[in-house]
>>> print(open('coords.pdb').read())   # PDB, C-alpha atoms, pLDDT in the B column
MODEL        1
ATOM      1  CA  PRO A   1     174.405  75.594 265.509  1.00 68.00           C
ATOM      2  CA  GLY A   2     176.581  78.077 263.701  1.00 69.00           C
ATOM      3  CA  ALA A   3     178.169  79.627 266.767  1.00 73.00           C
ATOM      4  CA  ALA A   4     181.859  80.468 266.618  1.00 73.00           C
ATOM      5  CA  ALA A   5     184.424  80.276 269.400  1.00 77.00           C
ATOM      6  CA  GLY A   6     188.148  80.776 269.607  1.00 78.00           C
ATOM      7  CA  LEU A   7     188.531  83.010 266.578  1.00 75.00           C
ATOM      8  CA  GLU A   8     190.978  85.189 268.508  1.00 77.00           C
ATOM      9  CA  ALA A   9     193.506  82.499 267.599  1.00 79.00           C
ATOM     10  CA  THR A  10     193.518  83.925 264.062  1.00 79.00           C
ATOM     11  CA  LEU A  11     195.114  87.049 265.551  1.00 79.00           C
ATOM     12  CA  GLY A  12     197.811  85.044 267.322  1.00 79.00           C
ATOM     13  CA  ARG A  13     196.381  85.907 270.740  1.00 76.00           C
ATOM     14  CA  LEU A  14     195.879  83.710 273.755  1.00 77.00           C
ATOM     15  CA  TYR A  15     192.389  82.752 274.798  1.00 75.00           C
ATOM     16  CA  GLU A  16     191.114  85.087 277.488  1.00 75.00           C
ATOM     17  CA  HIS A  17     188.244  82.810 278.520  1.00 74.00           C
ATOM     18  CA  SER A  18     187.306  79.182 278.592  1.00 77.00           C
ATOM     19  CA  ALA A  19     184.028  77.448 277.844  1.00 77.00           C
ATOM     20  CA  ILE A  20     182.459  74.377 279.325  1.00 80.00           C
ATOM     21  CA  ALA A  21     179.811  72.514 277.344  1.00 80.00           C
ATOM     22  CA  LEU A  22     176.933  71.748 279.680  1.00 73.00           C
ATOM     23  CA  ASN A  23     175.157  69.586 277.100  1.00 75.00           C
ATOM     24  CA  ALA A  24     176.214  67.285 274.287  1.00 82.00           C
ATOM     25  CA  THR A  25     177.884  69.466 271.661  1.00 85.00           C
ATOM     26  CA  LEU A  26     179.097  68.945 268.118  1.00 87.00           C
ATOM     27  CA  VAL A  27     182.231  70.922 267.288  1.00 88.00           C
ATOM     28  CA  CYS A  28     183.949  71.552 263.976  1.00 86.00           C
ATOM     29  CA  ARG A  29     187.583  72.608 264.350  1.00 86.00           C
ATOM     30  CA  ILE A  30     189.048  74.722 261.571  1.00 85.00           C
ATOM     31  CA  PRO A  31     192.838  75.211 261.624  1.00 88.00           C
ATOM     32  CA  VAL A  32     194.023  78.831 261.850  1.00 85.00           C
ATOM     33  CA  SER A  33     195.916  78.416 258.582  1.00 88.00           C
ATOM     34  CA  THR A  34     192.657  77.509 256.827  1.00 87.00           C
ATOM     35  CA  VAL A  35     190.887  80.578 258.218  1.00 83.00           C
ATOM     36  CA  LYS A  36     193.747  82.778 257.018  1.00 84.00           C
ATOM     37  CA  GLU A  37     193.612  81.160 253.563  1.00 88.00           C
ATOM     38  CA  LEU A  38     189.906  81.968 253.354  1.00 84.00           C
ATOM     39  CA  ASP A  39     190.738  85.663 253.566  1.00 85.00           C
ATOM     40  CA  VAL A  40     192.717  85.368 250.336  1.00 89.00           C
ATOM     41  CA  GLU A  41     190.931  82.585 248.462  1.00 91.00           C
ATOM     42  CA  THR A  42     187.293  83.018 249.534  1.00 90.00           C
ATOM     43  CA  PRO A  43     186.810  86.514 250.961  1.00 89.00           C
ATOM     44  CA  ARG A  44     183.025  86.158 251.113  1.00 91.00           C
ATOM     45  CA  LEU A  45     183.227  83.050 253.319  1.00 87.00           C
ATOM     46  CA  HIS A  46     185.924  84.715 255.437  1.00 85.00           C
ATOM     47  CA  LYS A  47     183.624  87.720 255.904  1.00 87.00           C
ATOM     48  CA  GLN A  48     180.800  85.426 257.040  1.00 86.00           C
ATOM     49  CA  LEU A  49     183.130  83.793 259.553  1.00 82.00           C
ATOM     50  CA  MET A  50     184.150  87.199 260.905  1.00 83.00           C
ATOM     51  CA  GLU A  51     180.461  88.160 261.173  1.00 86.00           C
ATOM     52  CA  ARG A  52     179.905  85.025 263.276  1.00 83.00           C
ATOM     53  CA  TRP A  53     182.796  86.106 265.477  1.00 81.00           C
ATOM     54  CA  HIS A  54     181.225  89.518 265.883  1.00 82.00           C
ATOM     55  CA  GLN A  55     177.908  87.863 266.778  1.00 84.00           C
ATOM     56  CA  SER A  56     179.693  85.748 269.400  1.00 80.00           C
ATOM     57  CA  VAL A  57     181.222  88.873 270.927  1.00 80.00           C
ATOM     58  CA  HIS A  58     177.807  90.558 270.900  1.00 83.00           C
ATOM     59  CA  GLU A  59     176.204  87.557 272.639  1.00 81.00           C
ATOM     60  CA  ALA A  60     178.976  87.496 275.248  1.00 78.00           C
ATOM     61  CA  ASP A  61     178.287  91.164 275.938  1.00 81.00           C
ATOM     62  CA  ALA A  62     174.585  90.397 276.314  1.00 78.00           C
ATOM     63  CA  TRP A  63     175.411  87.660 278.830  1.00 77.00           C
ATOM     64  CA  LEU A  64     177.536  90.064 280.832  1.00 79.00           C
ATOM     65  CA  THR A  65     175.029  92.887 280.884  1.00 83.00           C
ATOM     66  CA  GLN A  66     171.683  91.095 280.953  1.00 84.00           C
ATOM     67  CA  LEU A  67     172.436  87.980 282.961  1.00 85.00           C
ATOM     68  CA  SER A  68     174.617  89.484 285.654  1.00 85.00           C
ATOM     69  CA  THR A  69     172.442  92.431 286.695  1.00 88.00           C
ATOM     70  CA  GLY A  70     169.107  92.683 288.448  1.00 91.00           C
ATOM     71  CA  SER A  71     167.388  90.342 290.844  1.00 94.00           C
ATOM     72  CA  ALA A  72     167.788  86.576 290.617  1.00 94.00           C
ATOM     73  CA  LYS A  73     164.210  86.384 289.371  1.00 95.00           C
ATOM     74  CA  THR A  74     164.953  88.844 286.564  1.00 95.00           C
ATOM     75  CA  ARG A  75     168.205  87.130 285.577  1.00 94.00           C
ATOM     76  CA  ILE A  76     166.559  83.706 285.413  1.00 94.00           C
ATOM     77  CA  ALA A  77     163.657  85.066 283.349  1.00 95.00           C
ATOM     78  CA  ARG A  78     166.128  86.671 280.931  1.00 93.00           C
ATOM     79  CA  LEU A  79     168.070  83.417 280.632  1.00 92.00           C
ATOM     80  CA  LEU A  80     164.936  81.408 279.944  1.00 92.00           C
ATOM     81  CA  LEU A  81     163.961  83.834 277.188  1.00 91.00           C
ATOM     82  CA  PHE A  82     167.511  83.795 275.805  1.00 87.00           C
ATOM     83  CA  LEU A  83     167.735  80.003 275.450  1.00 87.00           C
ATOM     84  CA  PRO A  84     166.835  78.575 272.050  1.00 85.00           C
ATOM     85  CA  THR A  85     163.699  76.516 271.601  1.00 87.00           C
ATOM     86  CA  ASP A  86     163.605  73.110 269.997  1.00 85.00           C
ATOM     87  CA  PRO A  87     161.096  72.307 267.237  1.00 87.00           C
ATOM     88  CA  GLY A  88     158.519  71.383 269.918  1.00 85.00           C
ATOM     89  CA  GLY A  89     158.800  74.805 271.573  1.00 87.00           C
ATOM     90  CA  GLU A  90     160.753  73.517 274.552  1.00 90.00           C
ATOM     91  CA  ARG A  91     163.922  74.886 276.065  1.00 90.00           C
ATOM     92  CA  GLU A  92     166.621  72.771 277.624  1.00 87.00           C
ATOM     93  CA  LEU A  93     167.971  74.050 280.907  1.00 86.00           C
ATOM     94  CA  PHE A  94     171.007  73.112 282.921  1.00 83.00           C
ATOM     95  CA  SER A  95     171.170  71.744 286.432  1.00 88.00           C
ATOM     96  CA  ILE A  96     170.205  74.079 289.264  1.00 91.00           C
ATOM     97  CA  ASP A  97     173.869  74.186 290.329  1.00 91.00           C
ATOM     98  CA  ASP A  98     174.943  75.254 286.822  1.00 89.00           C
ATOM     99  CA  LEU A  99     172.080  77.737 286.607  1.00 90.00           C
ATOM    100  CA  GLY A 100     173.143  79.340 289.893  1.00 91.00           C
ATOM    101  CA  ALA A 101     176.795  79.438 288.846  1.00 89.00           C
ATOM    102  CA  MET A 102     175.991  81.016 285.475  1.00 86.00           C
ATOM    103  CA  LEU A 103     173.835  83.731 287.005  1.00 90.00           C
ATOM    104  CA  GLY A 104     175.799  84.385 290.172  1.00 90.00           C
ATOM    105  CA  THR A 105     173.182  83.062 292.572  1.00 93.00           C
ATOM    106  CA  THR A 106     173.164  80.202 294.999  1.00 95.00           C
ATOM    107  CA  PRO A 107     171.611  76.932 293.840  1.00 94.00           C
ATOM    108  CA  GLU A 108     168.991  77.405 296.561  1.00 96.00           C
ATOM    109  CA  THR A 109     167.956  80.788 295.146  1.00 96.00           C
ATOM    110  CA  ALA A 110     167.835  79.406 291.609  1.00 95.00           C
ATOM    111  CA  SER A 111     165.716  76.480 292.805  1.00 95.00           C
ATOM    112  CA  ARG A 112     163.341  78.778 294.694  1.00 96.00           C
ATOM    113  CA  VAL A 113     162.856  81.051 291.666  1.00 96.00           C
ATOM    114  CA  MET A 114     162.302  78.115 289.307  1.00 95.00           C
ATOM    115  CA  ALA A 115     159.731  76.668 291.723  1.00 96.00           C
ATOM    116  CA  GLU A 116     157.960  80.040 291.799  1.00 97.00           C
ATOM    117  CA  PHE A 117     157.957  80.178 287.990  1.00 97.00           C
ATOM    118  CA  LYS A 118     156.383  76.692 287.906  1.00 95.00           C
ATOM    119  CA  ARG A 119     153.714  77.646 290.477  1.00 96.00           C
ATOM    120  CA  THR A 120     152.746  80.797 288.582  1.00 96.00           C
ATOM    121  CA  GLY A 121     152.747  79.113 285.161  1.00 95.00           C
ATOM    122  CA  ALA A 122     155.665  81.112 283.780  1.00 96.00           C
ATOM    123  CA  ILE A 123     157.253  77.768 282.925  1.00 95.00           C
ATOM    124  CA  VAL A 124     155.946  74.235 282.569  1.00 94.00           C
ATOM    125  CA  HIS A 125     158.318  71.401 283.345  1.00 91.00           C
ATOM    126  CA  THR A 126     157.909  68.853 280.520  1.00 91.00           C
ATOM    127  CA  SER A 127     160.750  66.399 281.179  1.00 88.00           C
ATOM    128  CA  ASP A 128     164.160  66.235 282.801  1.00 86.00           C
ATOM    129  CA  HIS A 129     165.785  69.666 282.252  1.00 86.00           C
ATOM    130  CA  HIS A 130     163.178  70.618 279.600  1.00 90.00           C
ATOM    131  CA  PHE A 131     160.655  73.392 279.980  1.00 92.00           C
ATOM    132  CA  ARG A 132     158.025  75.121 277.942  1.00 94.00           C
ATOM    133  CA  CYS A 133     158.001  78.847 278.674  1.00 94.00           C
ATOM    134  CA  ASN A 134     155.082  81.233 278.900  1.00 94.00           C
ATOM    135  CA  VAL A 135     156.894  84.044 277.082  1.00 94.00           C
ATOM    136  CA  ASP A 136     154.273  86.653 278.027  1.00 94.00           C
ATOM    137  CA  ALA A 137     154.544  85.771 281.728  1.00 95.00           C
ATOM    138  CA  LEU A 138     158.357  85.915 281.618  1.00 95.00           C
ATOM    139  CA  ASN A 139     158.237  89.279 279.837  1.00 94.00           C
ATOM    140  CA  ASP A 140     155.833  90.541 282.524  1.00 95.00           C
ATOM    141  CA  ILE A 141     158.414  89.537 285.150  1.00 94.00           C
ATOM    142  CA  LEU A 142     161.003  91.621 283.311  1.00 93.00           C
ATOM    143  CA  LYS A 143     158.675  94.650 283.339  1.00 91.00           C
ATOM    144  CA  ASP A 144     158.273  94.564 287.141  1.00 80.00           C
TER     145      ASP A 144
ENDMDL
END
>>> encode(input="coords.pdb", output="structure tokens")
Amino acid sequence: PGAAAGLEATLGRLYEHSAIALNATLVCRIPVSTVKELDVETPRLHKQLMERWHQSVHEADAWLTQLSTGSAKTRIARLLLFLPTDPGGERELFSIDDLGAMLGTTPETASRVMAEFKRTGAIVHTSDHHFRCNVDALNDILKD
């Protein structure tokens, strides 16, 4: 909630990337003309929107640097720690195929690492695509 995407349209530029929602997603579309009006009529709200854009750029940079470098084990641990938790402390994960594609590994490697994490107690599978993470164990993996 609160993430921003596509704000480069306010600059009249083409989108350089695309996004695919892997889970059910609620989206609020704000016309470019409305965003431009905010700059004049409600500068404080416009500033908050631009801060969200900056946060989105920062998160994209984190994905590029943290989730595309290191071993598959390290990348998966970073992703698990990066995902938000629901009120019950669980994280929702994608399919093994999507996980492998996101992190640049084969589905087989992603499956093997996830199985290892389950065996060692770094994660506990609670239901379909939902896990509870042992944050300390995942952080220990990142230290190795």
>>> closest_residue(input="coords.pdb", among="A:Ile96, A:Leu81, A:Val27, A:Ala115", to="Asp136 in chain A", atoms="only C-alpha atoms")
A:Leu81
>>> resolve_selection(input="coords.pdb", expression="the PyMOL selection byres ((chain A and resi 8-16) around 9)", output="list in words")
Ala5, Gly6, Leu7, His17, Ser18, Val32, Ser33, Val35, Lys36 and Trp53 of chain A
>>> closest_residue(input="coords.pdb", among="A:Ile20, A:Cys28, A:Lys73, A:Gly121", to="Lys143 in chain A", atoms="only C-alpha atoms")
A:Lys73
>>> resolve_selection(input="coords.pdb", expression="the PyMOL selection byres ((chain A and resi 82) around 12)", output="list in words")
Glu59, Ala62, Trp63, Gln66, Leu67, Arg75, Ile76, Ala77, Arg78, Leu79, Leu80, Leu81, Leu83, Pro84, Thr85, Arg91, Glu92, Leu93, Cys133, Val135, Leu138 and Asn139 of chain A
>>> write_last_selection(input="coords.pdb", atoms="C-alpha atoms", output="tab-separated table (two decimals), keeping the file's coordinate frame")
chain	number	residue	atom	x	y	z
A	59	GLU	CA	176.20	87.56	272.64
A	62	ALA	CA	174.58	90.40	276.31
A	63	TRP	CA	175.41	87.66	278.83
A	66	GLN	CA	171.68	91.10	280.95
A	67	LEU	CA	172.44	87.98	282.96
A	75	ARG	CA	168.20	87.13	285.58
A	76	ILE	CA	166.56	83.71	285.41
A	77	ALA	CA	163.66	85.07	283.35
A	78	ARG	CA	166.13	86.67	280.93
A	79	LEU	CA	168.07	83.42	280.63
A	80	LEU	CA	164.94	81.41	279.94
A	81	LEU	CA	163.96	83.83	277.19
A	83	LEU	CA	167.74	80.00	275.45
A	84	PRO	CA	166.84	78.58	272.05
A	85	THR	CA	163.70	76.52	271.60
A	91	ARG	CA	163.92	74.89	276.06
A	92	GLU	CA	166.62	72.77	277.62
A	93	LEU	CA	167.97	74.05	280.91
A	133	CYS	CA	158.00	78.85	278.67
A	135	VAL	CA	156.89	84.04	277.08
A	138	LEU	CA	158.36	85.92	281.62
A	139	ASN	CA	158.24	89.28	279.84
>>> axis_aligned_box(input="coords.pdb", around="range 98-106 of chain A", padding_each_side="5 Å", output="JSON")
{"center_x": 174.4, "center_y": 79.8, "center_z": 290.2, "size_x": 14.7, "size_y": 19.1, "size_z": 19.5}
>>> residues_around(input="coords.pdb", residues="Leu99 in chain A", least_positions_apart="6", cutoff="9 Å", atoms="all atoms listed in the file", output="compact mmCIF listing (two decimals) with C-alpha atoms, in the coordinates of the input")
# COMPACT_ATOMS: atom_id res chain seq x y z
CA ILE A 76 166.56 83.71 285.41
CA LEU A 93 167.97 74.05 280.91
CA THR A 105 173.18 83.06 292.57
CA THR A 106 173.16 80.20 295.00
CA PRO A 107 171.61 76.93 293.84
CA ALA A 110 167.84 79.41 291.61
CA SER A 111 165.72 76.48 292.80
>>> atom_distance(input="coords.pdb", atom1="CA of Lys118 in chain A", atom2="CA of Ala60 in chain A")
28.1 Å
>>> resolve_selection(input="coords.pdb", expression="the PyMOL selection byres ((chain A and resi 3) around 10)", output="MDAnalysis selection string")
chainID A and resid 1:2 4:5 27 49 52:53 55:56
>>> write_last_selection(input="coords.pdb", atoms="C-alpha atoms", output="PDB file, in the frame of the given file")
ATOM      1  CA  PRO A   1     174.405  75.594 265.509  1.00 68.00           C
ATOM      2  CA  GLY A   2     176.581  78.077 263.701  1.00 69.00           C
ATOM      3  CA  ALA A   4     181.859  80.468 266.618  1.00 73.00           C
ATOM      4  CA  ALA A   5     184.424  80.276 269.400  1.00 77.00           C
ATOM      5  CA  VAL A  27     182.231  70.922 267.288  1.00 88.00           C
ATOM      6  CA  LEU A  49     183.130  83.793 259.553  1.00 82.00           C
ATOM      7  CA  ARG A  52     179.905  85.025 263.276  1.00 83.00           C
ATOM      8  CA  TRP A  53     182.796  86.106 265.477  1.00 81.00           C
ATOM      9  CA  GLN A  55     177.908  87.863 266.778  1.00 84.00           C
ATOM     10  CA  SER A  56     179.693  85.748 269.400  1.00 80.00           C
TER      11      SER A  56
END
>>> atom_distance(input="coords.pdb", atom1="CA of His130 in chain A", atom2="CA of Ala21 in chain A")
16.9 Å
>>> atom_distance(input="coords.pdb", atom1="CA of Asn134 in chain A", atom2="CA of Ser95 in chain A")
20.1 Å
